Amino acid sequence: MAEFLATRTAMFTDAPGRAAGSVVGLALWLALLGIATTRYARGERRGASSATLGLAGLVAVGNLGLTVIHLKVGAGGLRPLVGGVLGVLALILALAIPRSSPHPALPRKRGREIPRD
């Protein structure tokens with residue numbers, strides 16, 4: 001999406017609504033990446049899973065809507081289809097992550113170790 005915006009700078013003057021939608025879509029993707037990275041690096045924080053699910057839902061709906069519009073008018077080629085699939089995949093991954101368990105790939109901090117029987 002960033003490449004799309006960077007290569008079509010005239011869109012900001014010719015179709016400002018379209019440009020604004022693209023900027024908002026890019027911002028949502030970046031926010032989702034930021035939240036997911038924070039959850040991965042720091043573990044669960046209060047409200048992080050809800051934020052992840054909310055952003056993933058917005059990204060999925062936005063990208064599916066964009067895909068449908070492009071398919072309806074026969075424009076865009078493969079790029080909008082890939083965006084729709086990635087949006088749905090982001091939502092599926094957000095739903096698949098357990099809400100309160102720590103990430104299994106990260107080492108546990110001292111004091112948080114699970115006692116063994």
# chains A, B, ... in the order shown; residues from 1 in each chain; ligands from 1
$ residues_around --residues "Gly76 in chain A" --least-positions-apart "6" --cutoff "10 Å" --atoms "only C-alpha atoms" --output "list in words"
Leu66, Thr67, Ile69 and His70 of chain A
$ write_last_selection --atoms "N, CA and C atoms" --output "PDB file, in the first residue's frame"
ATOM      1  N   LEU A  66     -12.383  -3.289  -0.187  1.00  0.00           N
ATOM      2  CA  LEU A  66     -11.557  -2.816  -1.289  1.00  0.00           C
ATOM      3  C   LEU A  66     -11.464  -3.872  -2.395  1.00  0.00           C
ATOM      4  N   THR A  67     -11.328  -5.129  -1.999  1.00  0.00           N
ATOM      5  CA  THR A  67     -11.261  -6.226  -2.976  1.00  0.00           C
ATOM      6  C   THR A  67     -12.556  -6.337  -3.759  1.00  0.00           C
ATOM      7  N   ILE A  69     -14.828  -4.023  -4.322  1.00  0.00           N
ATOM      8  CA  ILE A  69     -14.972  -2.871  -5.217  1.00  0.00           C
ATOM      9  C   ILE A  69     -14.103  -3.037  -6.456  1.00  0.00           C
ATOM     10  N   HIS A  70     -12.861  -3.453  -6.262  1.00  0.00           N
ATOM     11  CA  HIS A  70     -11.969  -3.641  -7.412  1.00  0.00           C
ATOM     12  C   HIS A  70     -12.438  -4.761  -8.332  1.00  0.00           C
TER      13      HIS A  70
END
$ closest_residue --among "A:Val59, A:Glu44, A:Val73, A:Leu89" --to "Leu26 in chain A" --atoms "only C-alpha atoms"
A:Val59
